[in-house]
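Coordinates as given in work_3.txt (compact mmCIF, C-alpha atoms):
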```
# COMPACT_ATOMS: atom_id res chain seq x y z
CA TYR M 960 -80.29 20.95 64.01
CA THR M 961 -80.35 24.59 63.02
CA ALA M 962 -83.97 24.21 61.88
CA CYS M 963 -84.90 23.00 65.37
CA VAL M 964 -83.20 26.01 66.91
CA HIS M 965 -85.18 28.20 64.51
CA ASP M 966 -88.44 26.58 65.66
CA VAL M 967 -87.55 27.41 69.26
CA ALA M 968 -86.77 30.98 68.23
CA ILE M 969 -90.20 31.51 66.60
CA GLY M 970 -92.05 29.87 69.49
CA GLU M 971 -93.01 26.62 67.78
CA LEU M 972 -91.07 24.64 70.40
CA ASP M 973 -90.10 25.28 74.00
CA PHE M 974 -86.75 23.58 73.59
CA CYS M 975 -84.82 21.07 71.48
CA MET M 976 -83.65 18.04 73.40
CA GLY M 977 -80.00 17.15 72.88
CA GLY M 978 -76.63 18.79 72.62
CA PHE M 979 -76.49 21.59 70.05
CA TRP M 980 -73.36 23.45 69.01
CA MET M 981 -73.57 27.01 70.23
CA THR M 982 -72.55 28.58 66.93
CA SER M 983 -72.67 32.32 66.34
CA GLU M 984 -75.64 31.90 63.99
CA ARG M 985 -77.70 29.94 66.53
CA LEU M 986 -76.85 32.26 69.40
CA LEU M 987 -78.44 35.07 67.43
CA MET M 988 -81.68 33.07 67.17
CA THR M 989 -82.45 32.13 70.75
CA THR M 990 -81.03 31.48 74.19
CA PHE M 991 -79.26 28.32 75.33
CA THR M 992 -78.85 26.56 78.64
CA ASN M 993 -75.49 26.39 80.34
CA VAL M 994 -72.85 24.40 78.47
CA ILE M 995 -73.19 20.67 79.09
CA HIS M 996 -70.23 19.57 76.93
CA THR M 997 -67.37 21.21 75.05
CA ASN M 998 -66.16 20.30 71.56
CA GLU M 999 -62.61 20.88 70.38
CA PHE M 1000 -62.24 21.38 66.65
CA TYR M 1001 -59.12 20.39 64.72
CA LEU M 1002 -57.83 20.37 61.18
CA ILE M 1003 -57.73 16.94 59.52
CA VAL M 1004 -55.65 16.31 56.40
CA GLU M 1005 -54.42 13.33 54.44
CA ARG M 1006 -51.30 11.57 55.64
CA GLN M 1007 -48.01 11.90 53.85
CA ASP M 1008 -47.12 8.93 51.71
CA ASP M 1009 -44.59 6.62 53.31
CA ASP M 1010 -41.13 6.85 51.82
CA GLY M 1011 -40.18 4.05 49.50
CA TYR M 1012 -37.45 1.52 50.24
CA TRP M 1013 -34.71 3.43 48.47
CA GLU M 1014 -35.72 6.71 50.09
CA GLN M 1015 -35.46 5.08 53.50
CA MET M 1016 -32.05 3.67 52.57
CA LYS M 1017 -30.85 7.24 51.96
CA THR M 1018 -31.75 8.33 55.48
CA PRO M 1019 -28.37 7.49 57.09
CA PHE M 1020 -26.66 9.75 54.55
CA THR M 1021 -28.95 12.77 54.98
CA PRO M 1022 -27.05 14.44 57.86
CA PHE M 1023 -24.33 15.66 55.45
CA ASN M 1024 -24.44 16.79 51.85
CA GLY M 1025 -22.30 15.34 49.08
CA PHE M 1026 -19.39 17.74 49.52
CA ALA M 1027 -19.24 17.02 53.25
CA TRP M 1028 -19.14 13.26 52.65
CA LEU M 1029 -16.42 13.76 50.04
CA GLY M 1030 -14.38 15.76 52.54
CA ILE M 1031 -14.81 13.03 55.16
CA VAL M 1032 -13.69 10.32 52.74
CA VAL M 1033 -10.62 12.34 51.71
CA ASP M 1034 -9.70 13.00 55.33
CA VAL M 1035 -10.05 9.33 56.29
CA LEU M 1036 -7.88 8.24 53.36
CA TYR M 1037 -5.31 10.89 54.18
CA MET M 1038 -5.12 9.78 57.80
CA ALA M 1039 -4.83 6.09 56.87
CA CYS M 1040 -2.11 6.65 54.29
CA ALA M 1041 -0.24 9.15 56.47
CA ILE M 1042 -0.01 6.76 59.42
CA HIS M 1043 0.98 3.91 57.10
CA PHE M 1044 3.81 5.95 55.57
CA ILE M 1045 4.94 7.28 58.92
CA LYS M 1046 5.13 3.79 60.40
CA VAL M 1047 7.20 2.57 57.47
CA VAL M 1048 9.56 5.54 57.37
CA THR M 1049 10.14 5.85 61.11
CA LYS M 1050 10.57 2.09 61.63
CA ASN M 1051 8.54 2.24 64.83
CA ASN M 1052 6.38 -0.70 63.88
CA PHE M 1053 9.09 -3.23 62.94
CA GLU M 1054 11.31 -5.43 65.02
CA ASN M 1055 14.37 -5.39 62.74
CA ASP M 1056 15.89 -3.70 59.71
CA ASP M 1057 15.01 -6.57 57.37
CA GLU M 1058 11.29 -6.18 58.16
CA CYS M 1059 11.62 -2.42 57.77
CA LYS M 1060 13.31 -2.79 54.36
CA GLN M 1061 10.73 -5.27 53.19
CA ASN M 1062 7.83 -2.99 54.15
CA ARG M 1063 9.48 0.02 52.54
CA GLU M 1064 9.70 -1.89 49.29
CA GLN M 1065 5.99 -2.73 49.55
CA ILE M 1066 4.87 0.70 50.71
CA PHE M 1067 2.81 1.31 47.55
CA SER M 1068 1.58 -2.24 47.10
CA PHE M 1069 -2.13 -2.89 46.75
CA GLN M 1070 -2.18 -4.98 49.90
CA ALA M 1071 -0.52 -2.25 51.96
CA LEU M 1072 -2.78 0.49 50.64
CA TRP M 1073 -5.90 -1.65 51.11
CA GLN M 1074 -4.88 -2.35 54.70
CA SER M 1075 -4.46 1.41 55.21
CA VAL M 1076 -7.94 2.09 53.88
CA TYR M 1077 -9.37 -0.62 56.12
CA ASP M 1078 -7.63 0.86 59.15
CA GLY M 1079 -8.97 4.30 58.24
CA VAL M 1080 -12.58 3.14 57.99
CA VAL M 1081 -12.36 1.20 61.25
CA SER M 1082 -10.72 4.18 62.94
CA PHE M 1083 -13.39 6.62 61.75
CA THR M 1084 -16.40 4.47 62.66
CA SER M 1085 -14.97 3.56 66.07
CA GLY M 1086 -13.98 7.12 66.90
CA GLY M 1087 -10.33 6.30 67.52
CA VAL M 1088 -7.29 5.41 65.43
CA ALA M 1089 -6.74 1.66 65.01
CA HIS M 1090 -3.33 -0.03 65.07
CA VAL M 1091 -1.32 2.80 66.57
CA SER M 1092 2.35 2.00 67.16
CA ASP M 1093 3.41 0.95 70.64
CA ASP M 1094 5.89 3.80 70.67
CA PRO M 1095 4.53 6.31 68.14
CA SER M 1096 6.81 8.94 66.68
CA VAL M 1097 6.05 12.66 66.86
CA PRO M 1098 4.60 12.80 63.29
CA GLU M 1099 2.36 9.82 64.08
CA LYS M 1100 1.15 11.45 67.29
CA ILE M 1101 0.28 14.63 65.40
CA VAL M 1102 -1.75 12.73 62.79
CA VAL M 1103 -3.50 10.59 65.41
CA CYS M 1104 -4.44 13.58 67.58
CA GLY M 1105 -5.71 15.55 64.60
CA PHE M 1106 -7.78 12.68 63.29
CA SER M 1107 -9.20 11.83 66.73
CA PHE M 1108 -10.41 15.40 67.15
CA PHE M 1109 -11.83 15.37 63.61
CA ALA M 1110 -13.66 12.08 64.25
CA LEU M 1111 -15.09 13.42 67.51
CA ILE M 1112 -16.54 16.51 65.80
CA VAL M 1113 -17.92 14.59 62.81
CA LEU M 1114 -19.49 11.77 64.84
CA THR M 1115 -21.07 14.23 67.27
CA ALA M 1116 -22.57 16.25 64.42
CA TYR M 1117 -23.70 13.09 62.63
CA THR M 1118 -25.41 11.69 65.72
CA ALA M 1119 -27.30 14.90 66.44
CA THR M 1120 -28.34 15.52 62.83
CA SER M 1121 -29.31 11.92 62.08
CA ALA M 1122 -31.47 11.77 65.21
CA ALA M 1123 -33.44 14.75 63.93
CA ALA M 1124 -33.72 13.21 60.46
CA LEU M 1125 -34.96 9.86 61.77
CA VAL M 1126 -37.66 11.34 63.97
CA LYS M 1127 -40.96 11.73 62.16
CA ASP M 1128 -42.56 15.16 62.02
CA ASP M 1129 -45.32 15.57 64.60
CA HIS M 1130 -47.83 16.68 61.98
CA GLY M 1131 -47.21 13.76 59.56
CA GLY M 1132 -49.72 15.19 57.11
CA LEU M 1133 -49.58 16.78 53.69
CA TYR M 1134 -50.21 20.16 55.35
CA LYS M 1135 -49.20 21.55 58.72
CA ASP M 1136 -52.04 23.97 59.42
CA ILE M 1137 -54.73 26.17 57.87
CA ASN M 1138 -52.21 28.76 56.72
CA ASP M 1139 -50.27 26.07 54.91
CA ILE M 1140 -53.41 25.03 53.04
CA THR M 1141 -54.58 28.52 52.11
CA SER M 1142 -51.09 29.66 51.07
CA LYS M 1143 -51.15 26.91 48.45
CA GLY M 1144 -54.58 27.92 47.20
CA LYS M 1145 -56.35 24.83 48.53
CA ILE M 1146 -59.89 24.43 49.89
CA ILE M 1147 -61.12 23.53 53.40
CA CYS M 1148 -64.33 21.61 54.10
CA VAL M 1149 -66.58 22.43 57.07
CA ARG M 1150 -70.06 21.53 58.28
CA GLU M 1151 -72.78 23.89 57.07
CA GLU M 1152 -73.65 25.00 60.59
CA LEU M 1153 -70.02 25.94 61.27
CA PHE M 1154 -69.54 28.09 58.19
CA GLU M 1155 -70.19 31.46 59.84
CA THR M 1156 -68.19 30.54 62.93
CA VAL M 1157 -65.14 29.41 60.94
CA LEU M 1158 -65.29 32.39 58.63
CA GLY M 1159 -65.52 34.74 61.58
CA LEU M 1160 -62.41 33.22 63.16
CA TYR M 1161 -60.49 32.85 59.91
CA PRO M 1162 -61.53 35.62 57.49
CA ASP M 1163 -58.73 34.65 55.10
CA LEU M 1164 -60.78 31.57 54.23
CA GLU M 1165 -63.29 33.69 52.34
CA GLY M 1166 -64.03 31.87 49.09
CA LYS M 1167 -61.96 28.86 50.14
CA ILE M 1168 -64.57 26.89 52.09
CA HIS M 1169 -66.81 24.04 50.97
CA LYS M 1170 -69.91 23.40 53.11
CA HIS M 1171 -71.26 19.92 53.77
CA PRO M 1172 -74.32 18.66 55.69
CA ASN M 1173 -72.44 15.82 57.45
CA ASN M 1174 -68.98 14.53 58.29
CA THR M 1175 -69.03 11.62 55.84
CA GLU M 1176 -69.48 13.87 52.82
CA MET M 1177 -66.63 16.10 54.00
CA PHE M 1178 -64.25 13.17 54.27
CA ASP M 1179 -65.39 11.70 50.98
CA GLU M 1180 -64.31 14.90 49.29
CA LEU M 1181 -61.06 15.04 51.26
CA THR M 1182 -59.98 11.52 50.36
CA GLN M 1183 -60.83 12.08 46.69
CA SER M 1184 -58.60 15.13 46.43
CA ASN M 1185 -55.34 15.12 44.49
CA ASP M 1186 -52.68 17.55 43.35
CA ASP M 1187 -54.28 18.01 39.94
CA ASN M 1188 -57.72 18.87 41.32
CA ASP M 1189 -57.81 22.10 43.35
CA GLU M 1190 -61.60 21.93 43.52
CA ASN M 1191 -61.61 19.27 46.23
CA CYS M 1192 -60.79 20.22 49.79
CA ALA M 1193 -57.32 19.58 51.21
CA GLY M 1194 -58.40 19.74 54.83
CA VAL M 1195 -61.45 19.23 57.05
CA ILE M 1196 -62.41 21.07 60.24
CA ILE M 1197 -64.19 18.70 62.60
CA ASP M 1198 -64.72 18.16 66.31
CA ILE M 1199 -62.49 15.50 67.79
CA ASP M 1200 -65.43 13.40 69.02
CA GLY M 1201 -66.97 13.37 65.56
CA TYR M 1202 -63.62 12.42 64.01
CA GLN M 1203 -63.09 9.52 66.39
CA LYS M 1204 -66.61 8.26 65.78
CA LEU M 1205 -66.12 8.45 62.02
CA MET M 1206 -62.83 6.56 62.23
CA ALA M 1207 -64.47 3.86 64.34
CA GLU M 1208 -67.34 3.41 61.90
CA SER M 1209 -65.35 3.30 58.66
CA ASP M 1210 -61.97 2.16 57.42
CA ASN M 1211 -62.17 4.42 54.38
CA PHE M 1212 -60.59 7.39 56.13
CA CYS M 1213 -57.63 5.76 57.87
CA GLY M 1214 -55.32 7.73 55.58
CA THR M 1215 -56.14 10.96 57.41
CA ILE M 1216 -54.49 12.54 60.42
CA ARG M 1217 -55.11 15.39 62.87
CA VAL M 1218 -52.58 18.24 62.60
CA GLY M 1219 -51.82 21.35 64.59
CA GLU M 1220 -53.33 22.70 67.75
CA VAL M 1221 -57.03 23.06 68.56
CA LEU M 1222 -58.62 25.62 66.24
CA PHE M 1223 -61.54 26.63 68.42
CA VAL M 1224 -63.92 25.30 71.05
CA LEU M 1225 -67.71 25.23 70.92
CA GLY M 1226 -70.01 24.32 73.75
CA ASP M 1227 -72.93 21.92 73.56
CA ALA M 1228 -76.14 23.21 75.12
CA VAL M 1229 -79.91 22.96 74.80
CA PRO M 1230 -81.69 25.73 72.84
CA VAL M 1231 -84.67 26.92 74.88
CA ASN M 1232 -87.43 29.47 74.83
CA PRO M 1233 -86.29 32.39 77.00
CA GLU M 1234 -89.35 31.94 79.21
CA HIS M 1235 -88.25 28.44 80.22
CA GLY M 1236 -84.51 28.83 80.05
CA HIS M 1237 -83.90 29.07 83.79
CA ASP M 1238 -86.11 26.06 84.63
CA ILE M 1239 -84.60 23.77 82.00
CA THR M 1240 -81.08 24.82 82.95
CA TYR M 1241 -81.87 23.97 86.56
CA ILE M 1242 -83.22 20.54 85.57
CA LEU M 1243 -80.15 19.75 83.48
```
Here is a file; write its structure as C-alpha cells.
Amino acid sequence: YTACVHDVAIGELDFCMGGFWMTSERLLMTTFTNVIHTNEFYLIVERQDDDGYWEQMKTPFTPFNGFAWLGIVVDVLYMACAIHFIKVVTKNNFENDDECKQNREQIFSFQALWQSVYDGVVSFTSGGVAHVSDDPSVPEKIVVCGFSFFALIVLTAYTATSAAALVKDDHGGLYKDINDITSKGKIICVREELFETVLGLYPDLEGKIHKHPNNTEMFDELTQSNDDNDENCAGVIIDIDGYQKLMAESDNFCGTIRVGEVLFVLGDAVPVNPEHGHDITYIL
C-alpha cells in the first residue's frame, strides 16, 4: 500500500484505488481525498486464564481475610453460647422448675452446645437471632440486639464486597493497557505502515515495537508469547475492523481480547496526484 502511495507521489500514477490509511508517513508523500471511512485502533492482548475449580470455590470467602472470618466465627459462637446460658439461668424458656433443673444439669452437654452452635449459624446467615424466648430477659435482649446489629453490618459488607469480587474485570486480559505492557518490559506488535504513527503518539514505545507486514503475523507472534520469552509481543495494535475480520476467518486467535479505550483514529482515503485531487474527491 505504501509503495502505491509512493508511485502517486513521484507521478507514476494519478491515484491508487481503494481505502488507504492516512498515516503520517503517507501524508508527507502526497495528497489524499476527503476521508471516506474512519478506523479505530485498539490494543489486543491474550485473555487471562480461567480460574480453576478450587480457585472458584474460594470466591465466596474472598470478601474477608482470615482474621475477619475468625472474628466472625468467635462472635457467632459467643452469641449462641451466651443466649443458651442466659435461657438456662433465667428460666425464661422452661415451663416448670423440673425442666429448668434438668437443663441446668445438661448445660455443658454436647447436645446442648451443638444446638447452640446450630442456632448461632442459622441466626447469622438469616440476619436475625433464632429461637428467642417468648419473654426474653434483659441480658438476653442485650445479646440479641448486639448480635443483630453485628449481623447487619457484616452481611451488608459481605454483600457489597462479594458482588465486586464476583464481577469480572472489564479488561479480562493479561494486561490492561499500553502502559501496563511497557512497565513490565514487554513488546507491542504493529503493522509496518503504522510504525511512525504509533511511535509519534507513544514515544515511550521506542525500542519496544515489532513491525509486521500483516495482521496474521502479528497475532501469530502474540499467541506464541509466554512469560519466559520477552522477545515475543504481549500486545497488538490493530483496527477494530481488521480484528473482527481476523477473528471471523480463524479460530486460532479466540484467546485474545480487546482492552482499554480507543488508542487513535485514522481515516481511509484515496491517495491522488495533487492535479487531480479535487476532481477525484468530487467523484467519490
Tell me which protein, DNA and RNA residues are within 9 Å of region 1198-1212 of chain M, counting only C-alpha atoms, leaving out same-chain ones fewer than 6 positions away, and put them as an NGL selection string. :M and (998-1003 or 1005 or 1174-1175 or 1178-1179 or 1182 or 1224-1225)
Counting only C-alpha atoms, what is within 12 Å of Val1035 (chain M), bar same-chain residues fewer than 6 positions away, as a JSON list (two decimals) with C-alpha atoms, in the coordinates of the input?
```json
[["chain", "number", "residue", "atom", "x", "y", "z"],
["M", 1028, "TRP", "CA", -19.14, 13.26, 52.65],
["M", 1029, "LEU", "CA", -16.42, 13.76, 50.04],
["M", 1041, "ALA", "CA", -0.24, 9.15, 56.47],
["M", 1042, "ILE", "CA", -0.01, 6.76, 59.42],
["M", 1075, "SER", "CA", -4.46, 1.41, 55.21],
["M", 1076, "VAL", "CA", -7.94, 2.09, 53.88],
["M", 1077, "TYR", "CA", -9.37, -0.62, 56.12],
["M", 1078, "ASP", "CA", -7.63, 0.86, 59.15],
["M", 1079, "GLY", "CA", -8.97, 4.30, 58.24],
["M", 1080, "VAL", "CA", -12.58, 3.14, 57.99],
["M", 1081, "VAL", "CA", -12.36, 1.20, 61.25],
["M", 1082, "SER", "CA", -10.72, 4.18, 62.94],
["M", 1083, "PHE", "CA", -13.39, 6.62, 61.75],
["M", 1084, "THR", "CA", -16.40, 4.47, 62.66],
["M", 1086, "GLY", "CA", -13.98, 7.12, 66.90],
["M", 1087, "GLY", "CA", -10.33, 6.30, 67.52],
["M", 1088, "VAL", "CA", -7.29, 5.41, 65.43],
["M", 1102, "VAL", "CA", -1.75, 12.73, 62.79],
["M", 1103, "VAL", "CA", -3.50, 10.59, 65.41],
["M", 1105, "GLY", "CA", -5.71, 15.55, 64.60],
["M", 1106, "PHE", "CA", -7.78, 12.68, 63.29],
["M", 1107, "SER", "CA", -9.20, 11.83, 66.73],
["M", 1109, "PHE", "CA", -11.83, 15.37, 63.61],
["M", 1110, "ALA", "CA", -13.66, 12.08, 64.25],
["M", 1113, "VAL", "CA", -17.92, 14.59, 62.81]]
```
CA of Thr1118 (chain M) to CA of Pro1022 (chain M): how many Å, to one decimal? 8.5 Å
Å distance separating CA of Arg1006 (chain M) from CA of His1169 (chain M), one decimal place: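 About the pair CA of Arg1006 (chain M) and CA of His1169 (chain M): they are 20.4 Å apart.
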CA of Lys1145 (chain M) to CA of Ala1193 (chain M), distance in Å rounded to a single decimal: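 Between CA of Lys1145 (chain M) and CA of Ala1193 (chain M) the gap is 6.0 Å.
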Near region 963-978 of chain M, within 6 Å and counting only C-alpha atoms, which residues show up once chain neighbours fewer than 2 positions away are dropped, as a PyMOL selection string? chain M and resi 960-961+988-989+1227-1232
When distances are computed from only C-alpha atoms, which of M:Gly1131, M:Pro1098, M:Pro1172, M:Gly1144 shows the smallest separation from Cys1192 (chain M)?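 Ranking M:Gly1131, M:Pro1098, M:Pro1172, M:Gly1144 by distance to Cys1192 (chain M), first place goes to M:Gly1144.
Counting only C-alpha atoms, the residue from M:Cys1148, M:Thr1156, M:Gly1166, M:Arg1217 that sits nearest to Glu1180 (chain M) is M:Cys1148.
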Residues within 9 Å of Lys1135 (chain M), all atoms listed in the file, excluding chain neighbours under 6 positions, as a ChimeraX atom specification: /M:1004,1218-1219
